[in-house]
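> One structure coming up, written as structure tokens, with questions to follow.
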Protein chains: 2
Amino acid sequence: MTLLFCSNIDNAGLWRDALGRRLPGLSMRVWPDIGGPDGDPDDIDMALVWQPPQGVFAGLSNLRLVMSLGAGVETLLRDPTLPDVPLVRMVSDSLSDDMAGFVALQVLRWHRHSDAFDAAQKAGVWQWLPYRPAREVSVGLLGLGELGSAAARVLTALGYRVLGWSRSPKQLPGVEGFAGADGLAAMLPRCDLLVCLLPLTADTQGILDRDLFARLPAGAVVINAGRGGHLVEADLLDALDRGHLAGASLDVFSEEPLPPAHPFWRHPRVRVSPHSAAATHPSQAVEQVVATVTAFREGRPLANVIDRRRGY
Amino acid sequence: MTLLFCSNIDNAGLWRDALGRRLPGLSMRVWPDIGGPDGDPDDIDMALVWQPPQGVFAGLSNLRLVMSLGAGVETLLRDPTLPDVPLVRMVSDSLSDDMAGFVALQVLRWHRHSDAFDAAQKAGVWQWLPYRPAREVSVGLLGLGELGSAAARVLTALGYRVLGWSRSPKQLPGVEGFAGADGLAAMLPRCDLLVCLLPLTADTQGILDRDLFARLPAGAVVINAGRGGHLVEADLLDALDRGHLAGASLDVFSEEPLPPAHPFWRHPRVRVSPHSAAATHPSQAVEQVVATVTAFREGRPLANVIDRRRGY
């Protein structure tokens with residue numbers, strides 16, 4: 001039982017320690033050392049990866065299970081070397097907490113004029129800026145899966161009016177649900193802030209475009225914590241610069257890292273963060289990996305397997 | 001039935017409209033015009049006030065009810081002209097939402113390195129900064145009244161470990177409760193962030209002092225959204241400058257507006273806001289005032305009356 005670990009942001013040492021304590025029989029190799037000191041690539045039967053380079057699976061002829069360190073797997077699905085074995089995404093309560101925290105932080109920053117208060121502090125000015133009560137502010141969520149549901153729970157606890165859109169109709173406590181194209185058209189004009197937490201699929205690619213922005217009320221704010229591919233970046237810049245949108249918080253981009261010359265970096269009403277909205281913390285996520293590996297070894301059904309036709 | 005309105009931050013016109021619609025027989029005067037165009041000060045039987053100047057009640061011999069536009073009434077209680085009539089504080093769900101939102105915003109800013117990510121954006125640098133999972137971060141609340149309970153609900157929804165301290169023991173869902181001096185001593189060493197939402201009384205004056213800071217773990221963050229009188233400002237500056245505390249978010253101060261020369265304005269690890277954590281929005285708070293006035297006129301018991309011995 002040998003696991004290949006491949007990620008350029010997750011800490012291999014922390015994962016080795018965490019998995020070693022719980023799965024003593026496990027051997028772990030860290031890409032690109034697929035042979036390792038004491039074996040050959042044919043030993044590798046499992047992989048635990050985050051956005052690995054294309055072609056990473058070439059030559060791993062005995063791979064039987066691929067686990068993603070994140071919730072989104074669209075880059076994996078584009079890799080022609082990905083074998084036809086179960087692909088399991090990360091679903092951890094801690095990942096949901098992170099994302100809900102990111103969404104709450106961004107919604108509160110815009111709603112509560114946080115940056116303007118900071119600027120007043122820098123200027124040494126005691127200036128009260130009126131804000132609306134949360135229960136008169138509507139936040140629309142695109143996507144009501146694990147992450148969207150977690151964000152909805154926090155936003156309702158904060159008192160916001162929460163509207164939620166999903167492909168198929170869903171009922172969540174305190175959330176006014178919308179579905180399908182008609183539902184989206186009905187929801188958008190009512191959103192003071194719009195948050196994208198969709199999976200990236202052929203259907204959702206470029207959903208945050210000129211047409212969608214035009215249907216939001218003037219002064220709306222867009223928060224993208226889904227994937228860069230959801231957003232047509234030029235359309236967002238245009239809607240901001242025409243003054244139709246008041247601001248945007250972006251955690252994901254069509255090219256990551258965001259290129260140094262990209263106008264988002266210096267736009268006064270764009271908040272850039274480096275794909276940091278949610279993280280897979282070994283201390284929290286190790287249990288899911290252990291459960292998946294154990295079920296796999298014992299031939300039991302696996303949870304959180306990607307439906308490759310749907311893409312999530 | 002004549003009401004005197006006195007506040008230097010609340011909008012008298014909005015309140016006149018909101019109350020006029022619901023209480024058509026009500027006459028409203030706005031301080032300092034206590035006589036008004038069509039009457040004398042003896043007509044005034046009710047007052048709706050926020051931090052009025054000392055002596056505001058002198059000459060109002062028929063005052064029978066005083067309502068505060070805020071939750072804290074310590075400046076009112078210090079006014080020797082305050083008559084011995086029911087003093088009602090503001091308790092609105094919207095006030096609690098505001099405060100919970102402020103607390104969540106400040107906790108998330110510090111926990112999620114928001115300012116450091118902003119600085120990275122300004123520098124055009126794509127830099128991932130690791131943060132801990134919320135469920136490994138402990139937030140201590142001082143005060144578990146209306147506002148503290150609302151903050152606890154939001155912080156637990158965000159996944160934080162929430163510890164709460166109150167004068168008398170309280171049980172709140174998901175909150176580990178502490179009470180009394182022993183409880184405070186037990187709670188403080190476990191708080192990564194400490195939030196003060198206490199009422200200001202003789203017992204809580206200066207509670208955020210050198211001794212308390214010394215019992216917090218190194219690197220802790222202090223958030224004061226109670227009253228300026230809770231904090232010994234020189235002790236906080238000392239704890240920050242020695243590096244024992246990592247930062248502070250302060251919404252209230254011993255002197256407000258915060259004087260221009262005060263070191264908090266320019267301290268790199270202090271976030272100043274101008275007593276804006278919670279606001280009394282007429283659209284949301286008018287119902288409580290209407291209910292109080294109606295009960296008062298009909299001789300029914302009043303809700304949210306201050307116990308002057310306790311001070312809240």
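Ligands are numbered from 1 in the order shown, residues from 1 within each chain, and chains are lettered A, B, ... in the order they appear in the structure tokens.
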Return as a VMD selection string the residues belonging to chain B that are within 7 Å of chain A, counting only C-alpha atoms.
chain B and resid 94 97 to 98 100 to 101 105 108 117 121 to 122 124 126 to 128 133 to 134 153 to 154 157 to 159 257 260 265 to 266 272 to 274 276 281
> Could those selected residues go to a file with N, CA and C atoms, as a short mmCIF file (atom, residue, chain, number, x, y, z; two decimals), in the first residue's frame?

data_model
loop_
_atom_site.label_atom_id
_atom_site.label_comp_id
_atom_site.auth_asym_id
_atom_site.auth_seq_id
_atom_site.Cartn_x
_atom_site.Cartn_y
_atom_site.Cartn_z
N SER B 94 -31.99 43.70 15.47
CA SER B 94 -31.10 44.31 14.51
C SER B 94 -29.83 44.84 15.18
N ASP B 97 -27.77 41.83 15.63
CA ASP B 97 -27.16 41.45 14.34
C ASP B 97 -25.93 42.32 14.07
N ASP B 98 -26.10 43.63 14.27
CA ASP B 98 -24.98 44.54 14.02
C ASP B 98 -23.77 44.14 14.84
N ALA B 100 -23.09 41.28 16.40
CA ALA B 100 -22.55 39.98 16.01
C ALA B 100 -21.74 40.11 14.72
N GLY B 101 -22.21 40.94 13.81
CA GLY B 101 -21.48 41.18 12.56
C GLY B 101 -20.15 41.85 12.81
N LEU B 105 -16.63 40.12 12.00
CA LEU B 105 -15.72 40.80 11.08
C LEU B 105 -14.33 40.95 11.71
N LEU B 108 -12.62 37.44 12.20
CA LEU B 108 -12.17 36.91 10.91
C LEU B 108 -10.98 37.70 10.37
N PHE B 117 -3.15 39.96 3.78
CA PHE B 117 -3.52 39.67 2.39
C PHE B 117 -3.73 40.98 1.60
N GLN B 121 -1.75 42.31 -1.68
CA GLN B 121 -2.36 42.83 -2.91
C GLN B 121 -1.74 44.17 -3.30
N LYS B 122 -1.60 45.06 -2.31
CA LYS B 122 -1.01 46.38 -2.61
C LYS B 122 0.38 46.23 -3.21
N GLY B 124 1.29 43.71 -4.92
CA GLY B 124 1.22 42.90 -6.14
C GLY B 124 1.83 41.52 -5.97
N TRP B 126 1.46 37.52 -4.94
CA TRP B 126 0.60 36.35 -4.73
C TRP B 126 1.23 35.52 -3.63
N GLN B 127 0.74 35.66 -2.40
CA GLN B 127 1.39 34.97 -1.30
C GLN B 127 0.35 34.33 -0.39
N TRP B 128 0.43 33.01 -0.28
CA TRP B 128 -0.48 32.26 0.56
C TRP B 128 0.03 32.31 1.99
N PRO B 133 -7.42 26.09 11.21
CA PRO B 133 -8.85 25.82 11.06
C PRO B 133 -9.60 26.47 12.22
N ALA B 134 -10.79 27.03 11.93
CA ALA B 134 -11.56 27.74 12.96
C ALA B 134 -11.79 26.86 14.18
N ARG B 153 -23.70 32.92 18.86
CA ARG B 153 -24.39 32.15 17.80
C ARG B 153 -23.62 32.22 16.49
N VAL B 154 -23.16 33.41 16.14
CA VAL B 154 -22.44 33.57 14.86
C VAL B 154 -21.08 32.89 14.92
N ALA B 157 -21.44 29.24 14.59
CA ALA B 157 -21.76 28.90 13.20
C ALA B 157 -20.51 28.95 12.33
N LEU B 158 -19.58 29.83 12.65
CA LEU B 158 -18.33 29.93 11.89
C LEU B 158 -17.35 28.82 12.25
N GLY B 159 -17.69 28.01 13.24
CA GLY B 159 -16.86 26.86 13.58
C GLY B 159 -15.87 27.10 14.72
N PRO B 257 -15.29 61.69 20.66
CA PRO B 257 -14.39 61.06 19.69
C PRO B 257 -12.98 60.89 20.25
N PRO B 260 -7.37 63.48 18.58
CA PRO B 260 -6.47 63.36 17.41
C PRO B 260 -5.07 62.89 17.76
N TRP B 265 -4.68 55.83 17.06
CA TRP B 265 -4.92 56.16 15.65
C TRP B 265 -3.84 55.59 14.75
N ARG B 266 -2.59 55.68 15.19
CA ARG B 266 -1.48 55.34 14.30
C ARG B 266 -0.77 54.04 14.68
N VAL B 272 -9.06 50.95 14.77
CA VAL B 272 -9.97 51.90 15.41
C VAL B 272 -11.24 52.02 14.58
N SER B 273 -12.40 51.92 15.22
CA SER B 273 -13.66 52.31 14.55
C SER B 273 -14.42 53.23 15.49
N PRO B 274 -15.24 54.12 14.92
CA PRO B 274 -15.81 55.23 15.69
C PRO B 274 -17.13 54.89 16.39
N SER B 276 -19.01 52.34 16.06
CA SER B 276 -19.93 52.02 14.97
C SER B 276 -20.28 50.54 14.93
N HIS B 281 -31.19 51.29 14.02
CA HIS B 281 -31.80 51.68 12.75
C HIS B 281 -33.28 51.93 12.98
#
> If you count only C-alpha atoms, which residues fall within 7 Å of Pro52 (chain B), apart from same-chain ones fewer than 3 positions away, as a tab-separated table (two decimals) with all heavy atoms, in the first residue's frame?

chain	number	residue	atom	x	y	z
B	6	CYS	N	-33.34	63.29	21.64
B	6	CYS	CA	-32.03	63.92	21.80
B	6	CYS	C	-30.92	62.93	21.47
B	6	CYS	O	-30.71	61.95	22.19
B	6	CYS	CB	-31.85	64.43	23.24
B	6	CYS	SG	-30.23	65.17	23.53
B	7	SER	N	-30.22	63.16	20.36
B	7	SER	CA	-29.09	62.31	19.95
B	7	SER	C	-28.26	63.08	18.95
B	7	SER	O	-28.82	63.80	18.10
B	7	SER	CB	-29.59	61.01	19.31
B	7	SER	OG	-28.52	60.36	18.66
B	49	VAL	N	-33.45	59.02	23.86
B	49	VAL	CA	-32.16	59.72	23.87
B	49	VAL	C	-30.98	58.78	23.61
B	49	VAL	O	-31.05	57.57	23.87
B	49	VAL	CB	-31.93	60.40	25.26
B	49	VAL	CG1	-33.05	61.39	25.55
B	49	VAL	CG2	-31.84	59.36	26.38
B	56	VAL	N	-29.57	67.31	30.71
B	56	VAL	CA	-30.63	67.43	29.69
B	56	VAL	C	-32.03	67.35	30.29
B	56	VAL	O	-32.98	67.90	29.73
B	56	VAL	CB	-30.44	66.34	28.60
B	56	VAL	CG1	-30.73	64.96	29.17
B	56	VAL	CG2	-31.31	66.60	27.38
> At a cut-off of 10 Å, using only C-alpha atoms, what residues contact Arg210 (chain B)? Leave out same-chain residues fewer than 6 positions from it and give the result as a list of chain:residue names.
B:Leu231, B:Val232, B:Glu233, B:Ala234, B:Asp235, B:Leu236, B:Leu237, B:Asp238, B:Ala239
> Could you work out how far CA of Gln51 (chain B) lies from CA of Val289 (chain B), giving the answer in Å with one decimal?
17.0 Å
> Where in region 1-152 of chain B does DSSP assign strand (DSSP E or B), given as a PyMOL selection string?
chain B and resi 2-7+27-30+44-50+65-68+87-88+138-142
> Can you tell me which residues surround Glu287 (chain B) at a distance of at most 9 Å, considering only C-alpha atoms, apart from same-chain residues fewer than 5 positions away, and format the answer as an mmCIF file with all heavy atoms, in the first residue's frame?

data_model
loop_
_atom_site.group_PDB
_atom_site.id
_atom_site.type_symbol
_atom_site.label_atom_id
_atom_site.label_comp_id
_atom_site.auth_asym_id
_atom_site.auth_seq_id
_atom_site.Cartn_x
_atom_site.Cartn_y
_atom_site.Cartn_z
ATOM 1 N N LEU B 19 -42.029 57.062 13.792
ATOM 2 C CA LEU B 19 -42.934 57.076 14.952
ATOM 3 C C LEU B 19 -44.280 57.689 14.572
ATOM 4 O O LEU B 19 -45.332 57.240 15.046
ATOM 5 C CB LEU B 19 -42.305 57.864 16.106
ATOM 6 C CG LEU B 19 -41.146 57.160 16.819
ATOM 7 C CD1 LEU B 19 -40.479 58.097 17.816
ATOM 8 C CD2 LEU B 19 -41.646 55.895 17.537
ATOM 9 N N ARG B 22 -46.701 55.244 13.158
ATOM 10 C CA ARG B 22 -47.207 54.207 14.060
ATOM 11 C C ARG B 22 -47.949 54.774 15.258
ATOM 12 O O ARG B 22 -48.762 54.093 15.867
ATOM 13 C CB ARG B 22 -46.029 53.331 14.527
ATOM 14 C CG ARG B 22 -45.266 52.669 13.390
ATOM 15 C CD ARG B 22 -46.013 51.465 12.835
ATOM 16 N NE ARG B 22 -45.812 50.304 13.701
ATOM 17 C CZ ARG B 22 -46.705 49.814 14.534
ATOM 18 N NH1 ARG B 22 -47.894 50.356 14.651
ATOM 19 N NH2 ARG B 22 -46.431 48.759 15.264
ATOM 20 N N SER B 92 -32.904 45.358 20.282
ATOM 21 C CA SER B 92 -33.566 44.985 19.027
ATOM 22 C C SER B 92 -32.730 43.898 18.380
ATOM 23 O O SER B 92 -31.514 43.846 18.556
ATOM 24 C CB SER B 92 -33.731 46.189 18.102
ATOM 25 O OG SER B 92 -32.558 46.423 17.366
ATOM 26 N N PRO B 282 -33.793 53.138 12.647
ATOM 27 C CA PRO B 282 -35.210 53.424 12.892
ATOM 28 C C PRO B 282 -36.141 52.353 12.297
ATOM 29 O O PRO B 282 -37.095 51.924 12.941
ATOM 30 C CB PRO B 282 -35.422 54.777 12.202
ATOM 31 C CG PRO B 282 -34.083 55.411 12.159
ATOM 32 C CD PRO B 282 -33.090 54.288 12.062
ATOM 33 N N THR B 292 -43.054 50.058 23.786
ATOM 34 C CA THR B 292 -42.801 50.643 25.104
ATOM 35 C C THR B 292 -43.782 51.794 25.381
ATOM 36 O O THR B 292 -44.388 51.871 26.456
ATOM 37 C CB THR B 292 -41.349 51.155 25.184
ATOM 38 O OG1 THR B 292 -40.456 50.066 24.935
ATOM 39 C CG2 THR B 292 -41.047 51.741 26.561
#
> Considering only helix (DSSP H, G or I) as DSSP defines it on the backbone, what residues of region 105-232 of chain A qualify? List them as a ChimeraX atom specification.
/A:105-111,114-122,134-136,146-157,180-190,210-215,228-230
> Choose the residue, out of A:Pro173, A:Ala18, A:Ala12, A:Gly219, that has the smallest atom-to-atom separation from Val286 (chain A); count only C-alpha atoms.
A:Ala18
> Within 10 Å of Asp192 (chain A), counting only C-alpha atoms, which residues show up once you throw out same-chain ones fewer than 2 positions away? Write them as an mmCIF file with N, CA, C and O atoms, in the first residue's frame, please.

data_model
loop_
_atom_site.group_PDB
_atom_site.id
_atom_site.type_symbol
_atom_site.label_atom_id
_atom_site.label_comp_id
_atom_site.auth_asym_id
_atom_site.auth_seq_id
_atom_site.Cartn_x
_atom_site.Cartn_y
_atom_site.Cartn_z
ATOM 1 N N VAL A 107 -18.466 39.568 2.787
ATOM 2 C CA VAL A 107 -19.780 40.215 2.849
ATOM 3 C C VAL A 107 -19.754 41.332 3.893
ATOM 4 O O VAL A 107 -20.209 42.455 3.642
ATOM 5 N N HIS A 111 -20.444 45.297 3.290
ATOM 6 C CA HIS A 111 -21.672 45.810 3.906
ATOM 7 C C HIS A 111 -21.343 46.820 5.001
ATOM 8 O O HIS A 111 -22.026 47.847 5.120
ATOM 9 N N GLU A 136 -32.002 43.907 6.140
ATOM 10 C CA GLU A 136 -32.468 44.607 4.936
ATOM 11 C C GLU A 136 -31.461 44.459 3.797
ATOM 12 O O GLU A 136 -31.567 45.147 2.783
ATOM 13 N N VAL A 137 -30.476 43.569 3.968
ATOM 14 C CA VAL A 137 -29.458 43.332 2.943
ATOM 15 C C VAL A 137 -29.612 41.899 2.431
ATOM 16 O O VAL A 137 -29.654 40.958 3.227
ATOM 17 N N SER A 138 -29.718 41.741 1.110
ATOM 18 C CA SER A 138 -29.910 40.415 0.514
ATOM 19 C C SER A 138 -28.619 39.906 -0.095
ATOM 20 O O SER A 138 -27.991 40.596 -0.904
ATOM 21 N N VAL A 139 -28.256 38.690 0.299
ATOM 22 C CA VAL A 139 -27.062 38.051 -0.255
ATOM 23 C C VAL A 139 -27.509 36.842 -1.066
ATOM 24 O O VAL A 139 -28.211 35.966 -0.543
ATOM 25 N N GLY A 140 -27.122 36.809 -2.340
ATOM 26 C CA GLY A 140 -27.445 35.678 -3.205
ATOM 27 C C GLY A 140 -26.281 34.717 -3.278
ATOM 28 O O GLY A 140 -25.134 35.140 -3.423
ATOM 29 N N ARG A 161 -30.701 38.481 4.676
ATOM 30 C CA ARG A 161 -31.666 37.771 3.842
ATOM 31 C C ARG A 161 -30.855 36.943 2.857
ATOM 32 O O ARG A 161 -30.089 37.497 2.059
ATOM 33 N N LEU A 188 -31.464 37.361 -9.371
ATOM 34 C CA LEU A 188 -30.385 38.342 -9.535
ATOM 35 C C LEU A 188 -30.786 39.784 -9.215
ATOM 36 O O LEU A 188 -30.030 40.492 -8.528
ATOM 37 N N PRO A 189 -31.956 40.266 -9.654
ATOM 38 C CA PRO A 189 -32.267 41.690 -9.387
ATOM 39 C C PRO A 189 -32.432 42.003 -7.912
ATOM 40 O O PRO A 189 -32.471 43.168 -7.532
ATOM 41 N N ARG A 190 -32.520 40.966 -7.071
ATOM 42 C CA ARG A 190 -32.745 41.192 -5.646
ATOM 43 C C ARG A 190 -31.469 41.083 -4.808
ATOM 44 O O ARG A 190 -31.517 41.214 -3.592
ATOM 45 N N LEU A 194 -23.592 39.160 -4.414
ATOM 46 C CA LEU A 194 -23.735 37.853 -5.061
ATOM 47 C C LEU A 194 -22.438 37.064 -4.845
ATOM 48 O O LEU A 194 -21.348 37.571 -5.118
ATOM 49 N N LEU A 216 -27.976 42.363 -12.091
ATOM 50 C CA LEU A 216 -27.834 42.729 -10.673
ATOM 51 C C LEU A 216 -28.226 44.193 -10.491
ATOM 52 O O LEU A 216 -28.070 44.994 -11.417
ATOM 53 N N PRO A 217 -28.713 44.568 -9.311
ATOM 54 C CA PRO A 217 -29.036 45.984 -9.095
ATOM 55 C C PRO A 217 -27.768 46.833 -9.106
ATOM 56 O O PRO A 217 -26.675 46.345 -8.799
ATOM 57 N N ALA A 218 -27.916 48.085 -9.463
ATOM 58 C CA ALA A 218 -26.780 49.013 -9.422
ATOM 59 C C ALA A 218 -26.235 49.054 -8.000
ATOM 60 O O ALA A 218 -26.992 49.070 -7.033
ATOM 61 N N GLY A 219 -24.904 49.039 -7.887
ATOM 62 C CA GLY A 219 -24.280 49.096 -6.573
ATOM 63 C C GLY A 219 -24.039 47.735 -5.958
ATOM 64 O O GLY A 219 -23.568 47.638 -4.823
ATOM 65 N N ALA A 220 -24.326 46.663 -6.691
ATOM 66 C CA ALA A 220 -24.122 45.313 -6.152
ATOM 67 C C ALA A 220 -22.624 44.993 -6.063
ATOM 68 O O ALA A 220 -21.790 45.628 -6.714
ATOM 69 N N VAL A 221 -22.327 43.989 -5.250
ATOM 70 C CA VAL A 221 -20.958 43.515 -5.047
ATOM 71 C C VAL A 221 -20.910 42.037 -5.438
ATOM 72 O O VAL A 221 -21.838 41.288 -5.127
ATOM 73 N N VAL A 222 -19.847 41.642 -6.126
ATOM 74 C CA VAL A 222 -19.677 40.244 -6.559
ATOM 75 C C VAL A 222 -18.502 39.619 -5.820
ATOM 76 O O VAL A 222 -17.435 40.227 -5.713
ATOM 77 N N LEU A 245 -21.360 48.027 -10.838
ATOM 78 C CA LEU A 245 -21.020 47.237 -9.651
ATOM 79 C C LEU A 245 -20.170 48.093 -8.715
ATOM 80 O O LEU A 245 -19.331 48.882 -9.163
ATOM 81 N N ALA A 246 -20.395 47.917 -7.401
ATOM 82 C CA ALA A 246 -19.662 48.725 -6.421
ATOM 83 C C ALA A 246 -18.318 48.111 -6.057
ATOM 84 O O ALA A 246 -17.412 48.821 -5.616
#
